[in-house]
$ cat final_30.pdb   # PDB, C-alpha atoms
ATOM      1  CA  MET S   1     111.085 304.554 174.300
ATOM      2  CA  SER S   2     108.885 302.647 171.917
ATOM      3  CA  THR S   3     109.785 299.914 169.504
ATOM      4  CA  LEU S   4     107.513 297.744 167.401
ATOM      5  CA  ALA S   5     108.175 294.666 169.545
ATOM      6  CA  PHE S   6     107.599 296.566 172.785
ATOM      7  CA  ALA S   7     104.391 298.119 171.453
ATOM      8  CA  LEU S   8     103.116 294.700 170.389
ATOM      9  CA  ALA S   9     103.838 293.205 173.798
ATOM     10  CA  ALA S  10     101.931 296.104 175.358
ATOM     11  CA  THR S  11      98.716 295.145 173.550
ATOM     12  CA  ILE S  12      98.093 292.946 176.602
ATOM     13  CA  LYS S  13      97.182 295.332 179.414
ATOM     14  CA  HIS S  14      95.092 295.784 182.542
ATOM     15  CA  ASP S  15      91.459 296.554 181.727
ATOM     16  CA  GLY S  16      90.943 298.849 184.727
ATOM     17  CA  GLN S  17      88.539 296.422 186.373
ATOM     18  CA  GLY S  18      90.873 293.764 187.683
ATOM     19  CA  GLY S  19      91.073 291.825 184.426
ATOM     20  CA  VAL S  20      93.166 291.729 181.272
ATOM     21  CA  ALA S  21      92.383 293.554 178.040
ATOM     22  CA  ASP S  22      93.655 292.520 174.604
ATOM     23  CA  LEU S  23      94.032 295.409 172.171
ATOM     24  CA  LEU S  24      94.113 292.858 169.334
ATOM     25  CA  ALA S  25      90.939 291.094 170.446
ATOM     26  CA  THR S  26      89.237 291.566 167.079
ATOM     27  CA  PRO S  27      90.420 292.083 163.493
ATOM     28  CA  ALA S  28      89.020 295.622 163.538
ATOM     29  CA  GLU S  29      90.922 296.474 166.722
ATOM     30  CA  THR S  30      94.067 295.017 165.173
ATOM     31  CA  THR S  31      93.667 297.234 162.110
ATOM     32  CA  ALA S  32      93.216 300.261 164.367
ATOM     33  CA  TRP S  33      96.354 299.341 166.324
ATOM     34  CA  LEU S  34      98.342 299.031 163.106
ATOM     35  CA  ASP S  35      97.128 302.431 161.934
ATOM     36  CA  GLN S  36      98.381 303.924 165.200
ATOM     37  CA  HIS S  37     101.797 302.256 164.938
ATOM     38  CA  HIS S  38     102.559 302.367 161.218
ATOM     39  CA  ASP S  39     105.528 304.674 161.926
ATOM     40  CA  LEU S  40     107.185 301.931 164.006
ATOM     41  CA  VAL S  41     106.808 299.461 161.141
ATOM     42  CA  THR S  42     108.234 302.004 158.713
ATOM     43  CA  GLU S  43     111.157 302.598 161.079
ATOM     44  CA  VAL S  44     112.134 298.919 160.892
ATOM     45  CA  LEU S  45     111.588 298.434 157.167
ATOM     46  CA  GLY S  46     113.039 301.759 156.095
ATOM     47  CA  ARG S  47     109.972 302.386 153.938
ATOM     48  CA  PRO S  48     106.202 302.447 154.356
ATOM     49  CA  LEU S  49     104.510 299.072 154.364
ATOM     50  CA  GLU S  50     101.795 298.362 151.845
ATOM     51  CA  ALA S  51      98.357 298.156 153.471
ATOM     52  CA  VAL S  52      97.943 294.749 155.060
ATOM     53  CA  ASP S  53      94.211 294.772 155.781
ATOM     54  CA  ASP S  54      93.255 293.874 152.232
ATOM     55  CA  LYS S  55      95.717 291.029 151.688
ATOM     56  CA  GLY S  56      96.362 287.617 153.152
ATOM     57  CA  SER S  57      99.742 286.248 154.180
ATOM     58  CA  ASP S  58     101.544 283.854 151.874
ATOM     59  CA  ASP S  59     102.503 281.954 155.027
ATOM     60  CA  ALA S  60      99.006 281.699 156.443
ATOM     61  CA  ALA S  61      96.569 278.896 155.790
ATOM     62  CA  VAL S  62      93.348 280.528 154.668
ATOM     63  CA  ASP S  63      90.485 278.641 153.071
ATOM     64  CA  ASP S  64      89.621 279.862 149.571
ATOM     65  CA  LYS S  65      85.837 279.938 149.533
ATOM     66  CA  GLY S  66      85.665 281.547 146.137
ATOM     67  CA  SER S  67      83.608 284.435 147.496
ATOM     68  CA  ASP S  68      82.973 287.445 145.304
ATOM     69  CA  ASP S  69      81.996 289.526 148.304
ATOM     70  CA  ALA S  70      84.749 292.163 148.625
ATOM     71  CA  GLY S  71      83.620 293.074 152.124
ATOM     72  CA  ALA S  72      83.862 289.483 153.277
ATOM     73  CA  ASP S  73      87.296 289.148 151.668
ATOM     74  CA  ALA S  74      88.496 292.255 153.496
ATOM     75  CA  ARG S  75      87.214 290.889 156.805
ATOM     76  CA  ASP S  76      88.944 287.573 156.135
ATOM     77  CA  ALA S  77      92.205 289.399 155.379
ATOM     78  CA  GLN S  78      91.924 291.423 158.580
ATOM     79  CA  ALA S  79      91.441 288.175 160.504
ATOM     80  CA  VAL S  80      94.637 286.777 158.951
ATOM     81  CA  VAL S  81      96.584 289.866 160.037
ATOM     82  CA  ARG S  82      95.190 289.567 163.537
ATOM     83  CA  ASP S  83      96.011 285.855 163.813
ATOM     84  CA  GLU S  84      99.579 286.357 162.575
ATOM     85  CA  LEU S  85     100.261 289.243 164.961
ATOM     86  CA  VAL S  86      98.805 287.387 167.942
ATOM     87  CA  ARG S  87     100.930 284.365 167.073
ATOM     88  CA  VAL S  88     104.199 286.324 166.970
ATOM     89  CA  ARG S  89     103.141 288.292 170.058
ATOM     90  CA  ARG S  90     103.170 285.041 172.037
ATOM     91  CA  ALA S  91     106.805 284.583 171.042
ATOM     92  CA  VAL S  92     107.728 288.173 171.920
ATOM     93  CA  ARG S  93     106.137 287.941 175.359
ATOM     94  CA  ALA S  94     107.791 284.574 176.020
ATOM     95  CA  LEU S  95     111.180 286.121 175.291
ATOM     96  CA  PHE S  96     110.361 289.144 177.440
ATOM     97  CA  ALA S  97     109.550 286.713 180.256
ATOM     98  CA  ARG S  98     112.941 285.095 179.789
ATOM     99  CA  ALA S  99     114.598 288.518 179.786
ATOM    100  CA  VAL S 100     113.207 289.481 183.212
ATOM    101  CA  ALA S 101     114.033 286.115 184.834
ATOM    102  CA  PRO S 102     114.638 285.185 187.606
ATOM    103  CA  GLU S 103     111.980 287.780 188.443
ATOM    104  CA  PRO S 104     108.443 286.634 187.619
ATOM    105  CA  PRO S 105     107.007 287.460 184.185
ATOM    106  CA  SER S 106     103.822 289.366 183.482
ATOM    107  CA  LYS S 107     100.877 287.831 185.290
ATOM    108  CA  ALA S 108      98.821 287.967 182.099
ATOM    109  CA  ASP S 109     100.396 284.856 180.631
ATOM    110  CA  ALA S 110     102.761 283.511 183.286
ATOM    111  CA  ASP S 111     100.974 280.160 183.301
ATOM    112  CA  ARG S 112     100.776 279.707 179.534
ATOM    113  CA  LEU S 113     104.007 281.008 178.082
ATOM    114  CA  MET S 114     105.358 279.595 174.847
ATOM    115  CA  ASP S 115     108.551 277.582 175.221
ATOM    116  CA  ALA S 116     111.462 280.014 174.968
ATOM    117  CA  ASP S 117     113.334 277.940 172.381
ATOM    118  CA  ALA S 118     110.229 277.748 170.201
ATOM    119  CA  ALA S 119     109.805 281.508 170.606
ATOM    120  CA  LEU S 120     113.399 282.070 169.491
ATOM    121  CA  ARG S 121     112.860 279.963 166.394
ATOM    122  CA  MET S 122     109.668 281.824 165.510
ATOM    123  CA  VAL S 123     111.250 285.255 165.913
ATOM    124  CA  ASN S 124     114.344 284.285 163.919
ATOM    125  CA  ARG S 125     112.288 282.759 161.099
ATOM    126  CA  ALA S 126     110.135 285.856 160.958
ATOM    127  CA  ALA S 127     113.096 288.242 160.845
ATOM    128  CA  ASP S 128     114.736 286.153 158.129
ATOM    129  CA  ARG S 129     111.984 287.201 155.724
ATOM    130  CA  LEU S 130     113.477 290.699 155.701
ATOM    131  CA  GLY S 131     116.522 289.382 153.871
ATOM    132  CA  THR S 132     119.423 291.839 153.847
ATOM    133  CA  MET S 133     119.940 295.516 154.534
ATOM    134  CA  GLN S 134     120.498 297.494 151.348
ATOM    135  CA  LEU S 135     121.361 301.056 150.433
ATOM    136  CA  ASP S 136     118.954 303.303 148.535
ATOM    137  CA  TRP S 137     120.018 306.675 147.190
ATOM    138  CA  PRO S 138     117.147 308.669 145.706
ATOM    139  CA  ASP S 139     117.950 311.407 143.189
ATOM    140  CA  ASP S 140     116.322 314.050 145.369
ATOM    141  CA  GLY S 141     117.676 313.069 148.771
ATOM    142  CA  PRO S 142     120.432 311.532 150.875
ATOM    143  CA  PRO S 143     121.232 307.811 150.931
ATOM    144  CA  VAL S 144     119.058 305.667 153.179
ATOM    145  CA  THR S 145     119.050 302.026 154.213
ATOM    146  CA  ARG S 146     116.147 299.613 154.017
ATOM    147  CA  TRP S 147     115.537 295.900 154.367
ATOM    148  CA  ALA S 148     115.247 293.998 151.089
ATOM    149  CA  GLY S 149     112.738 291.329 151.984
ATOM    150  CA  ARG S 150     112.597 287.793 150.668
ATOM    151  CA  THR S 151     108.885 288.352 150.190
ATOM    152  CA  GLU S 152     106.657 291.189 149.075
ATOM    153  CA  ASP S 153     103.672 289.878 150.994
ATOM    154  CA  PRO S 154     102.744 292.719 153.378
ATOM    155  CA  VAL S 155     101.578 290.459 156.208
ATOM    156  CA  ALA S 156     104.786 288.423 156.090
ATOM    157  CA  LEU S 157     106.795 291.657 156.057
ATOM    158  CA  LEU S 158     104.833 293.000 159.011
ATOM    159  CA  VAL S 159     105.574 289.885 161.066
ATOM    160  CA  ALA S 160     109.189 290.044 159.882
ATOM    161  CA  ALA S 161     109.421 293.619 161.124
ATOM    162  CA  VAL S 162     108.210 292.452 164.532
ATOM    163  CA  GLY S 163     110.859 289.723 164.500
ATOM    164  CA  ARG S 164     113.639 292.163 163.602
ATOM    165  CA  SER S 165     112.464 294.653 166.214
ATOM    166  CA  THR S 166     112.458 291.904 168.851
ATOM    167  CA  ILE S 167     116.013 290.896 167.972
ATOM    168  CA  ASP S 168     117.223 294.495 168.047
ATOM    169  CA  PHE S 169     115.553 295.154 171.400
ATOM    170  CA  LEU S 170     116.700 291.985 173.156
ATOM    171  CA  SER S 171     120.265 292.310 171.864
ATOM    172  CA  GLY S 172     120.441 296.013 172.690
ATOM    173  CA  PRO S 173     121.126 298.010 175.858
ATOM    174  CA  ASP S 174     117.494 298.335 176.921
ATOM    175  CA  ARG S 175     117.022 294.622 177.624
ATOM    176  CA  VAL S 176     118.619 294.907 181.072
ATOM    177  CA  ARG S 177     116.058 297.569 182.023
ATOM    178  CA  LEU S 178     113.054 295.423 181.128
ATOM    179  CA  ARG S 179     110.781 294.633 184.071
ATOM    180  CA  ALA S 180     107.353 293.105 184.663
ATOM    181  CA  CYS S 181     105.301 295.367 186.902
ATOM    182  CA  PRO S 182     104.696 293.565 190.238
ATOM    183  CA  ALA S 183     101.568 295.582 191.116
ATOM    184  CA  ALA S 184      98.700 293.273 192.032
ATOM    185  CA  ARG S 185      96.445 294.105 189.087
ATOM    186  CA  CYS S 186      99.043 295.108 186.498
ATOM    187  CA  VAL S 187     100.283 292.945 183.626
ATOM    188  CA  LYS S 188     102.589 295.430 181.898
ATOM    189  CA  TYR S 189     106.231 295.158 180.939
ATOM    190  CA  PHE S 190     108.136 298.409 181.317
ATOM    191  CA  LEU S 191     111.633 299.863 181.111
ATOM    192  CA  GLN S 192     113.109 300.810 184.465
ATOM    193  CA  ASP S 193     114.339 304.412 184.297
ATOM    194  CA  ASP S 194     115.862 304.409 187.786
ATOM    195  CA  PRO S 195     117.126 301.581 190.037
ATOM    196  CA  ARG S 196     114.597 302.707 192.652
ATOM    197  CA  GLN S 197     111.677 302.422 190.232
ATOM    198  CA  LEU S 198     109.590 299.401 191.247
ATOM    199  CA  TRP S 199     106.403 299.896 189.256
ATOM    200  CA  CYS S 200     105.508 300.786 185.696
ATOM    201  CA  SER S 201     103.720 303.996 186.695
ATOM    202  CA  PRO S 202     102.990 306.234 189.706
ATOM    203  CA  SER S 203      99.395 304.972 189.745
ATOM    204  CA  CYS S 204     100.548 301.378 190.221
ATOM    205  CA  GLY S 205     102.932 302.499 192.970
ATOM    206  CA  ASN S 206     100.194 304.436 194.746
ATOM    207  CA  ARG S 207      97.801 301.519 194.524
ATOM    208  CA  GLU S 208     100.362 299.131 195.963
ATOM    209  CA  ARG S 209     101.165 301.468 198.856
ATOM    210  CA  VAL S 210      97.461 301.717 199.655
ATOM    211  CA  ASN S 211      97.153 297.928 199.528
ATOM    212  CA  ARG S 212     100.143 297.484 201.819
ATOM    213  CA  HIS S 213      98.749 299.990 204.301
ATOM    214  CA  TYR S 214      95.384 298.198 204.286
ATOM    215  CA  ARG S 215      96.977 294.785 204.840
ATOM    216  CA  LYS S 216      99.153 296.123 207.669
ATOM    217  CA  ARG S 217      96.244 297.883 209.332
ATOM    218  CA  HIS S 218      94.051 294.794 209.216
ATOM    219  CA  GLY S 219      96.784 292.309 210.015
ATOM    220  CA  LEU S 220      96.534 290.553 206.631
TER     221      LEU S 220
END
$ encode --input "final_30.pdb" --output "structure tokens"
Amino acid sequence: MSTLAFALAATIKHDGQGGVADLLATPAETTAWLDQHHDLVTEVLGRPLEAVDDKGSDDAAVDDKGSDDAGADARDAQAVVRDELVRVRRAVRALFARAVAPEPPSKADADRLMDADAALRMVNRAADRLGTMQLDWPDDGPPVTRWAGRTEDPVALLVAAVGRSTIDFLSGPDRVRLRACPAARCVKYFLQDDPRQLWCSPSCGNRERVNRHYRKRHGL
């Protein structure tokens, strides 16, 4: 299972060396992530989203330096996209943490989570930009539904799609299966496929069993 909100939350992951990696660490990495997940955005909106890496958000505060350098403008726009996605990601992960309570949240941000009420407000405001669901019926195909946004700004619509995806996920049947992996070096959220599943992956389970054996053997 993959939804836009879940995929965004998963951009915080273990780096393989005992630390935490951020797949949105730079504007370029954010653009690459969006390219990989454009189908999830389309799934929410009901239509492809206009490219967001060459536009700024109408909600974002960006200084107008009057530059004629198209390359610099593109880099500035990519930075806006990155900042907006990171901002809404904080809200998504805060709500995921609330969803797994009373179990502990992901260790990646357990000590710096956004207030859950503030996260709710952010997600709801974002989703509101999508407006209402409407019916389209093209001449050469069957009827389809899509969100009629209250804005045509692609960055605002992207964040709105994240908000809508978060609402759909947390109000749907998969919320009760959401878990934070308890493995010592893991920071992932995952969906529990079986009541006996404790870890996000076999590798995390194997690593934890090795750690437990070591601690038992050495009396730790």
$ closest_residue --input "final_30.pdb" --among "S:Val100, S:Ala126, S:Ala77, S:Leu135" --to "Thr151 in chain S" --atoms "all atoms listed in the file"
S:Ala126
$ atom_distance --input "final_30.pdb" --atom1 "CA of Val20 in chain S" --atom2 "CA of Pro102 in chain S"
23.3 Å
$ closest_residue --input "final_30.pdb" --among "S:Val155, S:Val162, S:Ala21, S:Ala183" --to "Val81 in chain S" --atoms "only C-alpha atoms"
S:Val155
$ closest_residue --input "final_30.pdb" --among "S:Val44, S:Leu85, S:Ala25, S:Ala7" --to "Met122 in chain S" --atoms "only C-alpha atoms"
S:Leu85
$ closest_residue --input "final_30.pdb" --among "S:Cys200, S:Ala79, S:Leu191, S:Val176" --to "Ser2 in chain S" --atoms "only C-alpha atoms"
S:Leu191
$ closest_residue --input "final_30.pdb" --among "S:Leu120, S:Ala156, S:Leu34, S:Leu198" --to "Arg179 in chain S" --atoms "only C-alpha atoms"
S:Leu198
$ atom_distance --input "final_30.pdb" --atom1 "CA of Arg146 in chain S" --atom2 "CA of Asn124 in chain S"
18.3 Å
$ residues_around --input "final_30.pdb" --residues "Met133 in chain S" --least-positions-apart "2" --cutoff "10 Å" --atoms "only C-alpha atoms" --output "PyMOL selection string"
chain S and resi 45-46+130-131+135-136+145-149
$ resolve_selection --input "final_30.pdb" --expression "the PyMOL selection byres ((chain S and resi 167) around 12)" --output "ChimeraX atom specification"
/S:3-6,44,91-92,95-96,119-128,160-166,168-175
$ resolve_selection --input "final_30.pdb" --expression "the PyMOL selection byres ((chain S and resi 109) around 12)" --output "list of chain:residue names"
S:Ala9, S:Ile12, S:Lys13, S:Val20, S:Asp22, S:Arg89, S:Arg90, S:Ala91, S:Val92, S:Arg93, S:Ala94, S:Phe96, S:Ala97, S:Pro104, S:Pro105, S:Ser106, S:Lys107, S:Ala108, S:Ala110, S:Asp111, S:Arg112, S:Leu113, S:Met114, S:Ala180, S:Cys186, S:Val187, S:Lys188, S:Tyr189
$ closest_residue --input "final_30.pdb" --among "S:Gln134, S:Leu158, S:Arg98, S:Pro142" --to "His38 in chain S" --atoms "all atoms listed in the file"
S:Leu158
$ axis_aligned_box --input "final_30.pdb" --around "range 172-175 of chain S" --padding-each-side "5 Å" --output "lines of an AutoDock Vina configuration file"
center_x = 119.1
center_y = 296.5
center_z = 175.2
size_x = 14.1
size_y = 13.7
size_z = 14.9
$ atom_distance --input "final_30.pdb" --atom1 "CA of Thr11 in chain S" --atom2 "CA of Asp73 in chain S"
25.4 Å
$ decode --input "final_30.pdb" --residues "range 81-114 of chain S" --atoms "N, CA, C and O atoms" --output "mmCIF file, in the first residue's frame"
data_model
loop_
_atom_site.group_PDB
_atom_site.id
_atom_site.type_symbol
_atom_site.label_atom_id
_atom_site.label_comp_id
_atom_site.auth_asym_id
_atom_site.auth_seq_id
_atom_site.Cartn_x
_atom_site.Cartn_y
_atom_site.Cartn_z
ATOM 1 N N VAL S 81 9.177 24.694 -3.159
ATOM 2 C CA VAL S 81 8.506 23.393 -3.142
ATOM 3 C C VAL S 81 9.025 22.552 -1.985
ATOM 4 O O VAL S 81 8.250 21.952 -1.229
ATOM 5 N N ARG S 82 10.339 22.528 -1.830
ATOM 6 C CA ARG S 82 10.937 21.747 -0.762
ATOM 7 C C ARG S 82 10.462 22.236 0.603
ATOM 8 O O ARG S 82 10.062 21.441 1.461
ATOM 9 N N ASP S 83 10.486 23.542 0.821
ATOM 10 C CA ASP S 83 10.090 24.095 2.118
ATOM 11 C C ASP S 83 8.629 23.781 2.434
ATOM 12 O O ASP S 83 8.284 23.452 3.579
ATOM 13 N N GLU S 84 7.762 23.882 1.426
ATOM 14 C CA GLU S 84 6.337 23.624 1.651
ATOM 15 C C GLU S 84 6.079 22.150 1.962
ATOM 16 O O GLU S 84 5.267 21.819 2.830
ATOM 17 N N LEU S 85 6.769 21.255 1.253
ATOM 18 C CA LEU S 85 6.583 19.828 1.521
ATOM 19 C C LEU S 85 7.129 19.431 2.888
ATOM 20 O O LEU S 85 6.511 18.638 3.604
ATOM 21 N N VAL S 86 8.276 19.977 3.263
ATOM 22 C CA VAL S 86 8.838 19.669 4.577
ATOM 23 C C VAL S 86 7.923 20.172 5.680
ATOM 24 O O VAL S 86 7.733 19.514 6.713
ATOM 25 N N ARG S 87 7.316 21.334 5.452
ATOM 26 C CA ARG S 87 6.419 21.911 6.454
ATOM 27 C C ARG S 87 5.196 21.012 6.666
ATOM 28 O O ARG S 87 4.831 20.704 7.806
ATOM 29 N N VAL S 88 4.566 20.566 5.581
ATOM 30 C CA VAL S 88 3.377 19.727 5.738
ATOM 31 C C VAL S 88 3.772 18.322 6.191
ATOM 32 O O VAL S 88 2.984 17.635 6.863
ATOM 33 N N ARG S 89 5.001 17.891 5.878
ATOM 34 C CA ARG S 89 5.454 16.592 6.362
ATOM 35 C C ARG S 89 5.501 16.561 7.881
ATOM 36 O O ARG S 89 5.200 15.537 8.500
ATOM 37 N N ARG S 90 5.908 17.659 8.506
ATOM 38 C CA ARG S 90 5.923 17.723 9.967
ATOM 39 C C ARG S 90 4.530 17.448 10.530
ATOM 40 O O ARG S 90 4.374 16.734 11.528
ATOM 41 N N ALA S 91 3.517 18.003 9.876
ATOM 42 C CA ALA S 91 2.145 17.787 10.334
ATOM 43 C C ALA S 91 1.732 16.331 10.139
ATOM 44 O O ALA S 91 1.114 15.723 11.018
ATOM 45 N N VAL S 92 2.068 15.763 8.990
ATOM 46 C CA VAL S 92 1.708 14.367 8.715
ATOM 47 C C VAL S 92 2.342 13.439 9.746
ATOM 48 O O VAL S 92 1.674 12.574 10.323
ATOM 49 N N ARG S 93 3.621 13.643 10.024
ATOM 50 C CA ARG S 93 4.308 12.759 10.965
ATOM 51 C C ARG S 93 3.790 12.963 12.391
ATOM 52 O O ARG S 93 3.755 12.016 13.185
ATOM 53 N N ALA S 94 3.393 14.178 12.737
ATOM 54 C CA ALA S 94 2.811 14.404 14.058
ATOM 55 C C ALA S 94 1.493 13.648 14.203
ATOM 56 O O ALA S 94 1.202 13.080 15.266
ATOM 57 N N LEU S 95 0.705 13.614 13.144
ATOM 58 C CA LEU S 95 -0.563 12.889 13.204
ATOM 59 C C LEU S 95 -0.348 11.383 13.156
ATOM 60 O O LEU S 95 -1.103 10.619 13.777
ATOM 61 N N PHE S 96 0.687 10.935 12.464
ATOM 62 C CA PHE S 96 1.032 9.514 12.501
ATOM 63 C C PHE S 96 1.437 9.114 13.920
ATOM 64 O O PHE S 96 1.086 8.034 14.403
ATOM 65 N N ALA S 97 2.197 10.000 14.584
ATOM 66 C CA ALA S 97 2.600 9.721 15.965
ATOM 67 C C ALA S 97 1.386 9.594 16.870
ATOM 68 O O ALA S 97 1.330 8.728 17.753
ATOM 69 N N ARG S 98 0.401 10.452 16.647
ATOM 70 C CA ARG S 98 -0.828 10.364 17.439
ATOM 71 C C ARG S 98 -1.572 9.066 17.127
ATOM 72 O O ARG S 98 -2.160 8.441 18.027
ATOM 73 N N ALA S 99 -1.518 8.641 15.868
ATOM 74 C CA ALA S 99 -2.250 7.442 15.464
ATOM 75 C C ALA S 99 -1.685 6.179 16.110
ATOM 76 O O ALA S 99 -2.436 5.231 16.369
ATOM 77 N N VAL S 100 -0.379 6.134 16.353
ATOM 78 C CA VAL S 100 0.208 4.914 16.939
ATOM 79 C C VAL S 100 0.200 4.939 18.462
ATOM 80 O O VAL S 100 0.535 3.934 19.096
ATOM 81 N N ALA S 101 -0.141 6.061 19.070
ATOM 82 C CA ALA S 101 -0.197 6.158 20.535
ATOM 83 C C ALA S 101 -1.212 5.142 21.079
ATOM 84 O O ALA S 101 -2.218 4.852 20.424
ATOM 85 N N PRO S 102 -0.947 4.567 22.261
ATOM 86 C CA PRO S 102 0.081 4.939 23.247
ATOM 87 C C PRO S 102 1.461 4.343 22.987
ATOM 88 O O PRO S 102 2.360 4.545 23.795
ATOM 89 N N GLU S 103 1.643 3.628 21.874
ATOM 90 C CA GLU S 103 2.976 3.164 21.525
ATOM 91 C C GLU S 103 3.839 4.359 21.135
ATOM 92 O O GLU S 103 3.320 5.383 20.686
ATOM 93 N N PRO S 104 5.147 4.268 21.301
ATOM 94 C CA PRO S 104 6.008 5.402 20.982
ATOM 95 C C PRO S 104 6.031 5.701 19.488
ATOM 96 O O PRO S 104 5.877 4.790 18.666
ATOM 97 N N PRO S 105 6.225 6.952 19.114
ATOM 98 C CA PRO S 105 6.299 7.321 17.699
ATOM 99 C C PRO S 105 7.663 6.981 17.119
ATOM 100 O O PRO S 105 8.534 6.431 17.801
ATOM 101 N N SER S 106 7.862 7.326 15.873
ATOM 102 C CA SER S 106 9.168 7.154 15.247
ATOM 103 C C SER S 106 10.231 7.891 16.039
ATOM 104 O O SER S 106 10.027 9.024 16.489
ATOM 105 N N LYS S 107 11.379 7.255 16.188
ATOM 106 C CA LYS S 107 12.469 7.869 16.948
ATOM 107 C C LYS S 107 13.093 9.046 16.222
ATOM 108 O O LYS S 107 13.844 9.817 16.815
ATOM 109 N N ALA S 108 12.783 9.214 14.948
ATOM 110 C CA ALA S 108 13.395 10.295 14.175
ATOM 111 C C ALA S 108 12.997 11.667 14.689
ATOM 112 O O ALA S 108 13.788 12.605 14.657
ATOM 113 N N ASP S 109 11.766 11.796 15.155
ATOM 114 C CA ASP S 109 11.300 13.117 15.575
ATOM 115 C C ASP S 109 10.463 13.057 16.845
ATOM 116 O O ASP S 109 9.646 13.938 17.102
ATOM 117 N N ALA S 110 10.670 12.014 17.643
ATOM 118 C CA ALA S 110 9.857 11.841 18.853
ATOM 119 C C ALA S 110 10.000 13.007 19.817
ATOM 120 O O ALA S 110 9.062 13.326 20.548
ATOM 121 N N ASP S 111 11.164 13.653 19.802
ATOM 122 C CA ASP S 111 11.409 14.736 20.760
ATOM 123 C C ASP S 111 11.143 16.119 20.182
ATOM 124 O O ASP S 111 11.414 17.127 20.842
ATOM 125 N N ARG S 112 10.620 16.181 18.965
ATOM 126 C CA ARG S 112 10.367 17.497 18.368
ATOM 127 C C ARG S 112 9.130 17.485 17.471
ATOM 128 O O ARG S 112 9.093 18.125 16.423
ATOM 129 N N LEU S 113 8.130 16.752 17.914
ATOM 130 C CA LEU S 113 6.900 16.658 17.137
ATOM 131 C C LEU S 113 6.082 17.943 17.215
ATOM 132 O O LEU S 113 5.998 18.579 18.267
ATOM 133 N N MET S 114 5.470 18.297 16.107
ATOM 134 C CA MET S 114 4.523 19.405 16.094
ATOM 135 C C MET S 114 3.326 19.064 16.968
ATOM 136 O O MET S 114 2.925 17.894 17.071
#
